[in-house]
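File shown here: entry11.cif, holding mmCIF, C-alpha atoms.
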```
data_input
#
loop_
_atom_site.label_atom_id
_atom_site.label_comp_id
_atom_site.auth_asym_id
_atom_site.auth_seq_id
_atom_site.Cartn_x
_atom_site.Cartn_y
_atom_site.Cartn_z
CA MET A 747 0.00 0.00 0.00
CA ASN A 748 1.46 3.37 -1.00
CA GLU A 749 1.01 6.63 0.90
CA LYS A 750 -1.74 7.85 -1.45
CA GLU A 751 -3.86 4.82 -0.58
CA MET A 752 -3.57 5.29 3.20
CA ILE A 753 -6.73 6.66 4.77
CA GLY A 754 -5.31 7.23 8.28
CA ARG A 755 -5.94 5.70 11.67
CA GLU A 756 -9.19 7.55 12.37
CA ALA A 757 -10.73 6.38 9.10
CA VAL A 758 -9.49 2.81 9.65
CA ALA A 759 -11.00 2.80 13.15
CA ALA A 760 -14.29 4.16 11.77
CA LYS A 761 -14.46 1.47 9.07
CA ARG A 762 -13.74 -1.24 11.63
CA LYS A 763 -16.66 0.05 13.67
CA GLN A 764 -18.86 0.12 10.59
CA PHE A 765 -17.98 -3.22 8.98
CA PHE A 766 -16.46 -5.49 11.67
CA TYR A 767 -18.35 -7.37 14.33
CA PRO A 768 -18.48 -5.44 17.63
CA CYS A 769 -16.34 -8.11 19.30
CA THR A 770 -13.28 -6.87 17.36
CA GLN A 771 -11.43 -4.46 19.61
CA HIS A 772 -7.94 -3.03 20.05
CA PHE A 773 -5.78 -2.21 23.05
CA TYR A 774 -5.43 1.54 22.81
CA ARG A 775 -7.40 4.73 23.15
CA ASN A 776 -5.26 6.18 20.36
CA SER A 777 -4.21 3.17 18.35
CA PRO A 778 -1.53 3.53 15.68
CA GLN A 779 -2.17 2.32 12.15
CA LEU A 780 0.62 -0.14 11.47
CA VAL A 781 1.74 -0.16 7.85
CA ARG A 782 5.20 -1.74 7.75
CA GLY A 783 7.39 -4.15 9.70
CA SER A 784 11.04 -5.09 9.79
CA MET A 785 12.34 -7.76 12.17
CA GLN A 786 11.63 -6.51 15.74
CA HIS A 787 10.17 -3.19 14.57
CA VAL A 788 6.86 -1.99 13.13
CA TYR A 789 6.01 1.46 11.78
CA ASP A 790 2.83 3.52 11.72
CA GLU A 791 1.41 5.62 8.92
CA ASN A 792 3.44 8.61 10.10
CA GLY A 793 6.71 6.68 10.03
CA LYS A 794 7.03 6.33 13.81
CA GLU A 795 9.01 3.26 14.84
CA TYR A 796 7.79 0.87 17.53
CA THR A 797 9.77 -1.96 19.06
CA ASP A 798 7.43 -4.92 19.11
CA PHE A 799 7.38 -6.90 22.37
CA PHE A 800 4.19 -8.82 21.53
CA ALA A 801 4.93 -10.30 18.07
CA GLY A 802 1.26 -10.45 17.13
CA VAL A 803 0.66 -12.75 20.14
CA SER A 804 3.77 -14.91 19.72
CA VAL A 805 3.43 -15.22 15.93
CA VAL A 806 6.37 -13.44 14.27
CA ALA A 807 9.04 -15.23 16.30
CA CYS A 808 11.56 -14.80 13.47
CA GLY A 809 10.78 -11.11 13.03
CA HIS A 810 8.50 -9.05 10.81
CA CYS A 811 9.08 -9.50 7.08
CA ASN A 812 12.28 -11.46 7.74
CA PRO A 813 14.09 -11.37 4.36
CA ALA A 814 15.37 -14.94 4.69
CA ILE A 815 11.79 -16.21 5.07
CA THR A 816 9.90 -13.74 2.90
CA ALA A 817 12.09 -14.50 -0.14
CA ARG A 818 11.12 -18.16 0.01
CA THR A 819 7.45 -17.30 0.48
CA ILE A 820 7.52 -15.08 -2.60
CA HIS A 821 9.37 -17.72 -4.61
CA GLN A 822 6.73 -20.33 -3.83
CA LEU A 823 3.93 -17.87 -4.59
CA GLN A 824 5.42 -17.46 -8.05
CA GLN A 825 5.70 -21.23 -8.61
CA LEU A 826 2.55 -22.86 -7.21
CA GLN A 827 0.18 -21.22 -4.77
CA HIS A 828 -2.54 -23.79 -4.08
CA THR A 829 -3.68 -27.29 -4.94
CA THR A 830 -5.27 -28.91 -1.79
CA THR A 831 -4.13 -32.18 -0.28
CA VAL A 832 -5.88 -34.34 -2.90
CA TYR A 833 -2.86 -33.67 -5.17
CA LEU A 834 0.78 -34.50 -4.59
CA THR A 835 3.07 -31.56 -3.82
CA GLN A 836 6.51 -31.60 -2.25
CA PRO A 837 6.55 -28.65 0.22
CA ASN A 838 4.05 -30.19 2.66
CA VAL A 839 5.71 -33.61 2.76
CA ASP A 840 9.09 -31.92 3.22
CA LEU A 841 7.59 -29.96 6.11
CA ALA A 842 6.08 -33.05 7.72
CA GLU A 843 9.42 -34.83 7.45
CA ARG A 844 11.21 -31.83 8.92
CA LEU A 845 8.76 -31.59 11.83
CA GLU A 846 9.35 -35.23 12.69
CA LYS A 847 12.96 -34.29 13.41
CA VAL A 848 12.06 -31.53 15.89
CA LEU A 849 8.95 -33.00 17.53
CA PRO A 850 9.47 -34.60 20.94
CA GLY A 851 9.62 -38.35 21.46
CA ASP A 852 8.01 -40.54 18.82
CA LEU A 853 5.50 -37.96 17.58
CA ARG A 854 5.91 -38.14 13.82
CA ARG A 855 2.55 -38.00 11.99
CA THR A 856 1.27 -34.54 11.11
CA PHE A 857 -2.09 -33.24 9.91
CA PHE A 858 -1.90 -29.67 8.56
CA VAL A 859 -4.64 -27.09 9.10
CA ASN A 860 -4.89 -23.28 9.12
CA SER A 861 -5.14 -22.05 12.69
CA GLY A 862 -4.54 -22.93 16.31
CA SER A 863 -8.25 -23.36 16.93
CA GLU A 864 -8.49 -25.84 14.08
CA ALA A 865 -5.38 -27.69 15.27
CA ASN A 866 -6.82 -28.10 18.77
CA GLU A 867 -10.20 -29.13 17.34
CA GLY A 868 -8.47 -31.79 15.26
CA ALA A 869 -6.48 -33.02 18.25
CA LEU A 870 -9.61 -33.36 20.35
CA LEU A 871 -11.35 -35.25 17.54
CA LEU A 872 -8.34 -37.56 17.19
CA ALA A 873 -8.41 -38.29 20.93
CA ARG A 874 -12.08 -39.26 20.73
CA LEU A 875 -11.50 -41.47 17.70
CA HIS A 876 -8.53 -43.22 19.28
CA THR A 877 -10.04 -43.84 22.71
CA GLY A 878 -13.69 -44.29 21.77
CA ARG A 879 -14.54 -41.92 24.61
CA LYS A 880 -16.20 -38.52 24.55
CA GLY A 881 -15.18 -36.58 27.66
CA PHE A 882 -12.32 -34.15 28.21
CA ILE A 883 -10.50 -32.61 31.14
CA ALA A 884 -9.16 -29.06 30.93
CA LEU A 885 -7.53 -26.56 33.26
CA GLU A 886 -9.31 -23.52 34.59
CA SER A 887 -8.21 -20.30 32.86
CA GLY A 888 -6.86 -22.07 29.79
CA LEU A 889 -7.54 -20.86 26.24
CA HIS A 890 -7.74 -23.29 23.32
CA GLY A 891 -9.73 -21.63 20.55
CA ARG A 892 -12.91 -20.17 19.07
CA THR A 893 -14.54 -23.28 17.56
CA ASN A 894 -17.31 -24.97 19.53
CA LEU A 895 -15.25 -27.81 20.97
CA THR A 896 -12.13 -25.73 21.64
CA MET A 897 -14.28 -23.09 23.30
CA SER A 898 -15.82 -25.86 25.38
CA VAL A 899 -12.40 -26.77 26.82
CA THR A 900 -11.48 -23.10 27.31
CA GLY A 901 -11.58 -22.06 30.94
CA LEU A 902 -11.51 -18.27 30.55
CA SER A 903 -15.04 -16.93 30.84
CA MET A 904 -14.45 -13.99 28.47
CA TRP A 905 -13.73 -16.45 25.62
CA ARG A 906 -16.67 -18.81 26.33
CA THR A 907 -19.21 -16.84 24.32
CA ASP A 908 -21.27 -19.79 23.04
CA LYS A 909 -24.16 -20.59 25.39
CA TYR A 910 -24.42 -24.16 24.05
CA LEU A 911 -20.97 -25.62 24.65
CA ASP A 912 -20.11 -29.31 24.89
CA GLU A 913 -21.07 -30.54 28.34
CA ASP A 914 -18.62 -33.46 28.42
CA VAL A 915 -15.79 -31.27 29.75
CA THR A 916 -14.62 -31.26 33.35
CA PHE A 917 -12.41 -28.44 34.59
CA ILE A 918 -9.81 -28.85 37.30
CA ARG A 919 -8.04 -26.06 39.14
CA ARG A 920 -4.89 -24.92 37.45
CA PRO A 921 -1.55 -25.38 39.24
CA TYR A 922 -1.37 -21.76 40.33
CA ASP A 923 -2.68 -19.71 43.22
CA PRO A 924 -0.99 -16.55 44.54
CA GLU A 925 -1.91 -17.64 48.06
CA LEU A 926 -0.11 -21.00 47.71
CA THR A 927 3.41 -22.12 46.92
CA PRO A 928 3.88 -23.56 43.41
CA GLU A 929 4.17 -27.02 44.94
CA GLN A 930 0.96 -26.61 46.94
CA ALA A 931 -0.93 -25.30 43.92
CA ALA A 932 0.32 -28.21 41.80
CA GLU A 933 -0.71 -30.73 44.44
CA ARG A 934 -4.18 -29.22 44.69
CA SER A 935 -4.59 -29.45 40.93
CA LEU A 936 -3.38 -33.07 40.95
CA ASP A 937 -5.88 -33.88 43.69
CA ASP A 938 -8.63 -32.52 41.45
CA LEU A 939 -7.35 -34.64 38.58
CA LYS A 940 -7.26 -37.79 40.72
CA ARG A 941 -10.84 -37.20 41.83
CA VAL A 942 -12.11 -36.72 38.28
CA LEU A 943 -10.29 -39.80 37.02
CA GLU A 944 -11.60 -41.92 39.87
CA GLU A 945 -15.16 -40.77 39.21
CA LYS A 946 -15.25 -40.96 35.40
CA GLY A 947 -11.80 -41.82 34.03
CA GLU A 948 -13.26 -44.51 31.78
CA THR A 949 -15.31 -41.86 29.94
CA ILE A 950 -12.45 -39.38 29.40
CA ALA A 951 -10.63 -39.23 26.05
CA ALA A 952 -7.93 -36.67 26.90
CA LEU A 953 -6.72 -33.84 29.07
CA ILE A 954 -5.76 -30.73 27.12
CA ALA A 955 -3.42 -28.14 28.60
CA GLU A 956 -1.06 -25.34 27.66
CA PRO A 957 2.41 -25.98 29.15
CA ILE A 958 2.39 -22.28 30.02
CA GLN A 959 -0.98 -20.56 30.09
CA GLY A 960 -0.61 -17.50 27.89
CA ASN A 961 -3.94 -15.69 28.04
CA GLY A 962 -4.41 -17.06 31.54
CA GLY A 963 -1.60 -14.79 32.73
CA MET A 964 1.73 -16.50 31.84
CA ILE A 965 1.23 -19.31 34.32
CA MET A 966 3.97 -21.95 34.37
CA PRO A 967 3.56 -24.91 36.77
CA GLU A 968 6.38 -26.22 38.89
CA LEU A 969 8.47 -28.64 36.87
CA SER A 970 7.20 -31.98 38.22
CA TYR A 971 3.55 -31.14 37.55
CA PHE A 972 3.08 -32.52 34.05
CA ARG A 973 5.10 -35.65 34.82
CA SER A 974 2.61 -36.39 37.60
CA VAL A 975 -0.29 -35.53 35.28
CA LYS A 976 1.00 -37.92 32.61
CA THR A 977 1.44 -40.73 35.14
CA LEU A 978 -2.12 -40.33 36.42
CA LEU A 979 -3.59 -40.18 32.91
CA GLU A 980 -1.80 -43.33 31.81
CA GLN A 981 -3.43 -45.29 34.64
CA TYR A 982 -6.79 -44.66 32.93
CA SER A 983 -5.57 -44.72 29.29
CA VAL A 984 -6.40 -41.01 28.99
CA LEU A 985 -4.37 -39.05 26.43
CA LEU A 986 -2.45 -35.83 27.08
CA ILE A 987 -2.82 -33.10 24.47
CA ALA A 988 -0.19 -30.36 24.72
CA ASP A 989 -1.44 -27.06 23.29
CA GLU A 990 1.83 -25.51 22.12
CA ILE A 991 0.16 -22.87 19.95
CA GLN A 992 1.82 -19.99 21.83
CA THR A 993 4.76 -21.81 23.38
CA GLY A 994 6.09 -23.75 20.40
CA PHE A 995 9.19 -23.23 18.27
CA GLY A 996 11.69 -21.78 20.68
CA ARG A 997 9.78 -19.11 22.54
CA THR A 998 10.31 -20.53 26.04
CA GLY A 999 13.96 -21.48 25.55
CA ALA A 1000 13.16 -24.96 24.23
CA MET A 1001 11.71 -25.96 20.86
CA PHE A 1002 8.54 -27.02 22.67
CA ALA A 1003 7.68 -25.98 26.21
CA MET A 1004 6.83 -29.51 27.34
CA GLU A 1005 10.55 -30.23 27.14
CA HIS A 1006 11.00 -28.16 30.32
CA PHE A 1007 8.86 -30.71 32.14
CA GLY A 1008 10.50 -33.80 30.66
CA VAL A 1009 7.17 -34.97 29.24
CA VAL A 1010 6.24 -36.21 25.77
CA PRO A 1011 2.52 -35.65 25.16
CA ASP A 1012 0.37 -38.07 23.17
CA ILE A 1013 -0.75 -35.33 20.78
CA ILE A 1014 0.79 -31.90 20.26
CA THR A 1015 -0.72 -28.86 18.54
CA MET A 1016 1.18 -26.05 16.89
CA ALA A 1017 0.51 -22.86 14.92
CA LYS A 1018 1.49 -19.17 15.29
CA ALA A 1019 5.32 -19.14 15.10
CA LEU A 1020 5.42 -22.01 12.60
CA GLY A 1021 4.28 -19.65 9.84
CA ASN A 1022 5.79 -16.39 11.17
CA GLY A 1023 2.64 -14.59 9.99
CA VAL A 1024 1.51 -16.96 7.23
CA PRO A 1025 -1.48 -19.12 8.31
CA VAL A 1026 -0.27 -22.65 9.03
CA ALA A 1027 -1.03 -25.00 11.90
CA ALA A 1028 -0.92 -28.70 12.65
CA PHE A 1029 -1.53 -31.45 15.16
CA ALA A 1030 0.93 -34.32 15.47
CA ALA A 1031 0.78 -37.75 17.08
CA THR A 1032 2.44 -41.14 17.13
CA ASP A 1033 1.92 -43.73 14.39
CA GLU A 1034 -0.41 -45.66 16.68
CA ILE A 1035 -2.66 -42.74 17.57
CA ALA A 1036 -2.62 -41.31 14.05
CA ARG A 1037 -3.96 -44.59 12.66
CA SER A 1038 -7.28 -43.78 14.33
CA LEU A 1039 -7.87 -40.89 11.91
CA ASN A 1040 -8.31 -43.12 8.87
CA THR A 1041 -11.54 -42.32 7.06
CA PRO A 1042 -11.12 -40.13 3.94
CA SER A 1043 -10.56 -36.50 4.88
CA ALA A 1044 -8.86 -33.40 3.55
CA SER A 1045 -7.90 -29.87 4.54
CA THR A 1046 -8.51 -27.49 1.65
CA PHE A 1047 -5.87 -24.95 2.65
CA GLY A 1048 -3.97 -26.95 5.28
CA GLY A 1049 -0.32 -27.40 4.29
CA ASN A 1050 -0.74 -25.51 1.02
CA PRO A 1051 2.51 -24.96 -0.89
CA VAL A 1052 3.03 -21.36 0.24
CA SER A 1053 2.39 -22.06 3.92
CA ALA A 1054 4.56 -25.17 3.84
CA ALA A 1055 7.46 -23.45 2.06
CA THR A 1056 7.26 -20.60 4.56
CA ALA A 1057 7.23 -22.96 7.53
CA LEU A 1058 10.29 -24.77 6.16
CA ALA A 1059 12.07 -21.42 5.92
CA VAL A 1060 11.03 -20.67 9.50
CA LEU A 1061 12.47 -23.95 10.79
CA ASP A 1062 15.69 -23.32 8.85
CA TYR A 1063 16.00 -19.86 10.38
CA ILE A 1064 15.24 -21.06 13.92
CA GLU A 1065 17.98 -23.68 13.60
CA ALA A 1066 20.55 -21.43 11.91
CA GLU A 1067 20.10 -18.58 14.38
CA ARG A 1068 19.71 -20.88 17.41
CA LEU A 1069 16.57 -19.03 18.46
CA PRO A 1070 15.63 -21.29 21.41
CA GLU A 1071 19.03 -20.65 23.00
CA ARG A 1072 18.67 -16.96 22.21
CA ALA A 1073 15.23 -16.87 23.84
CA GLU A 1074 16.62 -18.51 26.95
CA ARG A 1075 19.51 -16.06 27.23
CA LEU A 1076 17.61 -12.86 26.43
CA GLY A 1077 14.59 -14.04 28.40
CA ALA A 1078 16.77 -14.36 31.49
CA LYS A 1079 17.95 -10.77 30.96
CA LEU A 1080 14.42 -9.46 30.53
CA LYS A 1081 13.12 -11.43 33.50
CA GLU A 1082 15.85 -10.13 35.80
CA GLY A 1083 15.14 -6.59 34.60
CA LEU A 1084 11.44 -7.01 35.34
CA LYS A 1085 12.22 -8.43 38.77
CA ALA A 1086 14.42 -5.40 39.44
CA LEU A 1087 11.43 -3.21 38.60
CA GLN A 1088 9.30 -5.35 40.91
CA ARG A 1089 11.74 -4.58 43.73
CA ARG A 1090 11.49 -0.90 42.81
CA TYR A 1091 7.68 -0.94 42.67
CA PRO A 1092 6.71 -3.72 45.11
CA ALA A 1093 3.22 -2.34 45.71
CA HIS A 1094 2.38 -2.28 42.00
CA ILE A 1095 4.18 -5.25 40.39
CA ALA A 1096 2.78 -8.29 42.15
CA ASP A 1097 4.64 -10.99 40.24
CA VAL A 1098 7.01 -11.68 37.37
CA ARG A 1099 6.78 -15.13 35.79
CA GLY A 1100 7.20 -17.26 32.68
CA ALA A 1101 10.07 -18.78 30.74
CA GLY A 1102 12.31 -17.64 27.92
CA LEU A 1103 10.75 -14.80 26.00
CA MET A 1104 7.25 -15.60 27.22
CA LEU A 1105 7.04 -13.49 30.36
CA GLY A 1106 4.34 -11.75 32.34
CA ALA A 1107 4.38 -8.97 34.91
CA GLU A 1108 1.21 -8.82 36.99
CA LEU A 1109 0.23 -5.28 37.93
CA ARG A 1110 -1.72 -4.44 41.05
CA VAL A 1111 -3.41 -1.39 42.52
CA SER A 1112 -6.41 -1.15 44.84
CA GLY A 1113 -8.86 -3.57 43.18
CA ALA A 1114 -9.46 -5.76 40.10
CA ALA A 1115 -11.04 -3.05 37.96
CA GLU A 1116 -8.43 -0.52 39.02
CA SER A 1117 -5.62 -2.98 38.24
CA ALA A 1118 -7.00 -3.58 34.75
CA ALA A 1119 -7.31 0.16 34.16
CA PHE A 1120 -3.77 0.70 35.44
CA THR A 1121 -2.52 -1.94 33.02
CA ASP A 1122 -4.26 -0.18 30.13
CA GLU A 1123 -2.64 3.07 31.18
CA VAL A 1124 0.79 1.45 31.14
CA LEU A 1125 0.14 -0.04 27.68
CA GLU A 1126 -0.95 3.34 26.34
CA GLU A 1127 2.07 5.23 27.60
CA MET A 1128 4.51 2.48 26.56
CA LYS A 1129 3.03 2.67 23.07
CA ASP A 1130 3.58 6.42 23.05
CA ARG A 1131 7.20 5.78 24.08
CA GLY A 1132 7.61 3.41 21.13
CA TYR A 1133 7.08 -0.02 22.69
CA LEU A 1134 4.22 -2.42 21.95
CA ILE A 1135 3.48 -4.95 24.67
CA GLY A 1136 0.48 -7.18 25.32
CA LYS A 1137 -1.85 -7.85 28.19
CA ASN A 1138 -3.55 -10.97 29.48
CA GLY A 1139 -4.57 -12.71 32.71
CA VAL A 1140 -7.92 -13.52 34.23
CA GLY A 1141 -8.24 -9.90 35.36
CA ARG A 1142 -6.54 -8.47 32.24
CA ASN A 1143 -3.85 -6.99 34.48
CA VAL A 1144 -0.76 -8.90 33.34
CA LEU A 1145 1.72 -7.24 30.99
CA ALA A 1146 2.67 -9.81 28.33
CA PHE A 1147 6.20 -9.80 26.92
CA GLN A 1148 6.37 -12.07 23.86
CA PRO A 1149 8.72 -10.29 21.45
CA PRO A 1150 10.17 -11.64 18.22
CA LEU A 1151 13.03 -13.93 19.19
CA VAL A 1152 15.34 -11.72 17.12
CA ILE A 1153 15.02 -8.96 19.71
CA MET A 1154 18.35 -7.36 20.70
CA GLU A 1155 19.83 -6.73 24.14
CA GLU A 1156 19.64 -2.98 23.59
CA ASP A 1157 15.91 -3.34 22.84
CA ILE A 1158 15.43 -5.01 26.22
CA ASP A 1159 17.44 -2.26 27.94
CA GLY A 1160 15.31 0.36 26.22
CA LEU A 1161 12.07 -1.35 27.16
CA LEU A 1162 13.03 -1.66 30.82
CA LYS A 1163 14.05 2.00 30.96
CA ALA A 1164 10.80 3.07 29.30
CA LEU A 1165 8.73 0.87 31.63
CA ASP A 1166 10.48 2.33 34.68
CA GLU A 1167 9.79 5.86 33.45
CA THR A 1168 6.18 4.97 32.59
CA LEU A 1169 5.43 3.51 36.01
CA SER A 1170 7.10 6.44 37.73
CA HIS A 1171 5.16 8.95 35.63
CA ILE A 1172 1.75 7.29 36.07
CA LEU A 1173 2.19 6.72 39.80
CA ALA A 1174 3.41 10.29 40.31
CA GLY A 1175 0.29 11.55 38.54
CA THR A 1176 -1.90 9.27 40.64
CA ALA A 1177 -0.33 10.53 43.85
CA LEU A 1178 -0.76 14.13 42.71
CA SER A 1179 -4.45 13.60 41.89
CA GLN A 1180 -5.04 11.99 45.28
CA GLU A 1181 -3.42 14.97 47.03
CA MET A 1182 -5.65 17.35 45.10
#
```

What's the structure tokens form of this structure?
Amino acid sequence: MNEKEMIGREAVAAKRKQFFYPCTQHFYRNSPQLVRGSMQHVYDENGKEYTDFFAGVSVVACGHCNPAITARTIHQLQQLQHTTTVYLTQPNVDLAERLEKVLPGDLRRTFFVNSGSEANEGALLLARLHTGRKGFIALESGLHGRTNLTMSVTGLSMWRTDKYLDEDVTFIRRPYDPELTPEQAAERSLDDLKRVLEEKGETIAALIAEPIQGNGGMIMPELSYFRSVKTLLEQYSVLLIADEIQTGFGRTGAMFAMEHFGVVPDIITMAKALGNGVPVAAFAATDEIARSLNTPSASTFGGNPVSAATALAVLDYIEAERLPERAERLGAKLKEGLKALQRRYPAHIADVRGAGLMLGAELRVSGAAESAAFTDEVLEEMKDRGYLIGKNGVGRNVLAFQPPLVIMEEDIDGLLKALDETLSHILAGTALSQEM
């Protein structure tokens, strides 16, 4: 789009209001119109540069418009754009073969789809087909998608918009509670799981969980949790589905976050970073489990040549640039910087948590509504200072740091300095208004 075609942020916002569904919202009071991206930076219609610490919710892990990836996308677009899976093409089989080399354990069969919701839906279907059972277990405050079944296993009330969700889902408490130690919270969650399995384990097909809850507030269990979960599930022949939509492909310091827990799930789902902005997703399983999905089926756009070629370029770049190791190193730097700010603002930063470059800082003021409003204020001012960060959590009061994994050390230094100045400025204004 050239400058003559740009209508400006106010006109874009007006058209969204006129033609989009009312559920489509944005973070800011004065939202920029983003028109260009380059690695860890995006630019608005006025040419202002923003350092992106959200990556489109963990999507552009390799950076915006990464030349090494974009060139291969364009090349494939010029060769063959689409055929569907009823024809033979090489990019998607090359991608499936490549994924087998990076997937944990003996997961090696891949079914390609378009989105994380569709990947999770497919995984849940596969679990039902393989076990012959209908029920599912899910964690409170998890998020798994917008389709009917994935919404049914979603534990965040704001995302459960369908009034007629599948009733064969049992929620257990997640392994987190600010009033408990991580070990105590994990044990409480495991107690819930034991009780559900004892009562109706023979009717349960699978438990689905995010290794780190993203929208739930960057919640990472203590490291023995999923090993205990897997042991309990195996006693009842219940499958474990790992939703790695946000956590996959290096973000947490490992290729897949379940590696931190030493657990190989029965089925794994992936999307977001795999395409670096091009729609591609998949669910993978072992030979044995995959054999249960055997009646004729297809995915019209899943694994199309352009998406597959792009994903192959992504995996090449992740390996060449050692992005998981980079995420671990730079994530440690960012986390320590956030913890330093927590020590500086102990009454307003309640917690810093997460792994790699998937971190959250929970903000706190007098009450839930006030904390959410405070978080919005921080987002707004950080945007004005040239930094885009996300927000999540049950109370929408957790700052989400999920930058492209190509972020630089100086970017982290700049963000921490800007966040310090932002908190100081907002809190000084709050104190002044209270005095008046």

For Pro921 in chain A, work out the shell of residues within 10 Å, counting only C-alpha atoms and skipping chain neighbours fewer than 6 positions away, then give it as a PDB file with C-alpha atoms, keeping the file's coordinate frame.
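Below is the file that was written, part-v9.pdb:
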```
ATOM      1  CA  LEU A 885      -7.530 -26.560  33.260  1.00  0.00           C
ATOM      2  CA  GLU A 886      -9.310 -23.520  34.590  1.00  0.00           C
ATOM      3  CA  THR A 927       3.410 -22.120  46.920  1.00  0.00           C
ATOM      4  CA  PRO A 928       3.880 -23.560  43.410  1.00  0.00           C
ATOM      5  CA  GLU A 929       4.170 -27.020  44.940  1.00  0.00           C
ATOM      6  CA  GLN A 930       0.960 -26.610  46.940  1.00  0.00           C
ATOM      7  CA  ALA A 931      -0.930 -25.300  43.920  1.00  0.00           C
ATOM      8  CA  ALA A 932       0.320 -28.210  41.800  1.00  0.00           C
ATOM      9  CA  GLU A 933      -0.710 -30.730  44.440  1.00  0.00           C
ATOM     10  CA  ARG A 934      -4.180 -29.220  44.690  1.00  0.00           C
ATOM     11  CA  SER A 935      -4.590 -29.450  40.930  1.00  0.00           C
ATOM     12  CA  LEU A 936      -3.380 -33.070  40.950  1.00  0.00           C
ATOM     13  CA  ILE A 965       1.230 -19.310  34.320  1.00  0.00           C
ATOM     14  CA  MET A 966       3.970 -21.950  34.370  1.00  0.00           C
ATOM     15  CA  PRO A 967       3.560 -24.910  36.770  1.00  0.00           C
ATOM     16  CA  GLU A 968       6.380 -26.220  38.890  1.00  0.00           C
ATOM     17  CA  TYR A 971       3.550 -31.140  37.550  1.00  0.00           C
ATOM     18  CA  PHE A 972       3.080 -32.520  34.050  1.00  0.00           C
TER      19      PHE A 972
END
```

Task: Output check: residues returned by the PyMOL selection byres ((chain A and resi 959) around 10), as an NGL selection string - done: :A and (885-890 or 920 or 955-958 or 960-967 or 989-990 or 992-993 or 1100 or 1138-1139)

Include C-alpha atoms and write out the residues we just selected as a PDB file, keeping the file's coordinate frame.
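Result file is again_31.pdb:
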```pdb
ATOM      1  CA  LEU A 885      -7.530 -26.560  33.260  1.00  0.00           C
ATOM      2  CA  GLU A 886      -9.310 -23.520  34.590  1.00  0.00           C
ATOM      3  CA  SER A 887      -8.210 -20.300  32.860  1.00  0.00           C
ATOM      4  CA  GLY A 888      -6.860 -22.070  29.790  1.00  0.00           C
ATOM      5  CA  LEU A 889      -7.540 -20.860  26.240  1.00  0.00           C
ATOM      6  CA  HIS A 890      -7.740 -23.290  23.320  1.00  0.00           C
ATOM      7  CA  ARG A 920      -4.890 -24.920  37.450  1.00  0.00           C
ATOM      8  CA  ALA A 955      -3.420 -28.140  28.600  1.00  0.00           C
ATOM      9  CA  GLU A 956      -1.060 -25.340  27.660  1.00  0.00           C
ATOM     10  CA  PRO A 957       2.410 -25.980  29.150  1.00  0.00           C
ATOM     11  CA  ILE A 958       2.390 -22.280  30.020  1.00  0.00           C
ATOM     12  CA  GLY A 960      -0.610 -17.500  27.890  1.00  0.00           C
ATOM     13  CA  ASN A 961      -3.940 -15.690  28.040  1.00  0.00           C
ATOM     14  CA  GLY A 962      -4.410 -17.060  31.540  1.00  0.00           C
ATOM     15  CA  GLY A 963      -1.600 -14.790  32.730  1.00  0.00           C
ATOM     16  CA  MET A 964       1.730 -16.500  31.840  1.00  0.00           C
ATOM     17  CA  ILE A 965       1.230 -19.310  34.320  1.00  0.00           C
ATOM     18  CA  MET A 966       3.970 -21.950  34.370  1.00  0.00           C
ATOM     19  CA  PRO A 967       3.560 -24.910  36.770  1.00  0.00           C
ATOM     20  CA  ASP A 989      -1.440 -27.060  23.290  1.00  0.00           C
ATOM     21  CA  GLU A 990       1.830 -25.510  22.120  1.00  0.00           C
ATOM     22  CA  GLN A 992       1.820 -19.990  21.830  1.00  0.00           C
ATOM     23  CA  THR A 993       4.760 -21.810  23.380  1.00  0.00           C
ATOM     24  CA  GLY A1100       7.200 -17.260  32.680  1.00  0.00           C
ATOM     25  CA  ASN A1138      -3.550 -10.970  29.480  1.00  0.00           C
ATOM     26  CA  GLY A1139      -4.570 -12.710  32.710  1.00  0.00           C
TER      27      GLY A1139
END
```

Task: Neighbour residues at most 12 Å from (-8.4, -5.2, 37.4) (all atoms listed in the file) as a VMD selection string - done: chain A and resid 1108 to 1123 1137 to 1144

First collect every listed atom of range 1091-1101 of chain A; then fit an axis-aligned box around them, widen it by 5 Å on each side, and give centre and edge lengths in Å to one decimal, as AutoDock Vina command-line options.
```
--center_x 6.2 --center_y -9.9 --center_z 38.2 --size_x 17.7 --size_y 27.8 --size_z 25.0
```

Open item on the list: Taking (12.7, -33.2, 9.0) as a centre in this file's frame and 12 Å as the limit, can you find every polymer residue with an atom that close, using only C-alpha atoms, and give them as a PyMOL selection string?
Closed with: chain A and resi 837-849+854-856+1057-1058+1061-1062+1065

Open item on the list: Under the PyMOL selection byres ((chain A and resi 868-872) around 9), which residues of this model are included? Write them out as number ranges by chain.
Closed with: A: 857, 859, 863-867, 873-877, 882, 895-896, 951-952, 954, 987, 1013-1015, 1028-1031, 1035-1036, 1038-1039

TODO: Provide the CA of Glu1127 in chain A to CA of Thr1168 in chain A distance in Å, to one decimal place.
DONE: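 One can read the CA of Glu1127 in chain A to CA of Thr1168 in chain A distance as 6.5 Å.
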
TODO: Report as number ranges by chain the full result of the PyMOL selection byres ((chain A and resi 1069) around 8) when it is applied to this structure.
DONE: A: 996-997, 999, 1064-1065, 1067-1068, 1070-1073, 1151-1152

Pick out the residues sitting within 10 Å of Ser777 in chain A, and hand them over as a PDB file with C-alpha atoms, keeping the file's coordinate frame; count only C-alpha atoms, and ignore anything fewer than 6 positions along from it in its own chain.
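The new file result.pdb reads:
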```
ATOM      1  CA  ARG A 755      -5.940   5.700  11.670  1.00  0.00           C
ATOM      2  CA  GLU A 756      -9.190   7.550  12.370  1.00  0.00           C
ATOM      3  CA  ALA A 759     -11.000   2.800  13.150  1.00  0.00           C
ATOM      4  CA  ASP A 790       2.830   3.520  11.720  1.00  0.00           C
ATOM      5  CA  GLU A1126      -0.950   3.340  26.340  1.00  0.00           C
ATOM      6  CA  LYS A1129       3.030   2.670  23.070  1.00  0.00           C
ATOM      7  CA  ASP A1130       3.580   6.420  23.050  1.00  0.00           C
TER       8      ASP A1130
END
```
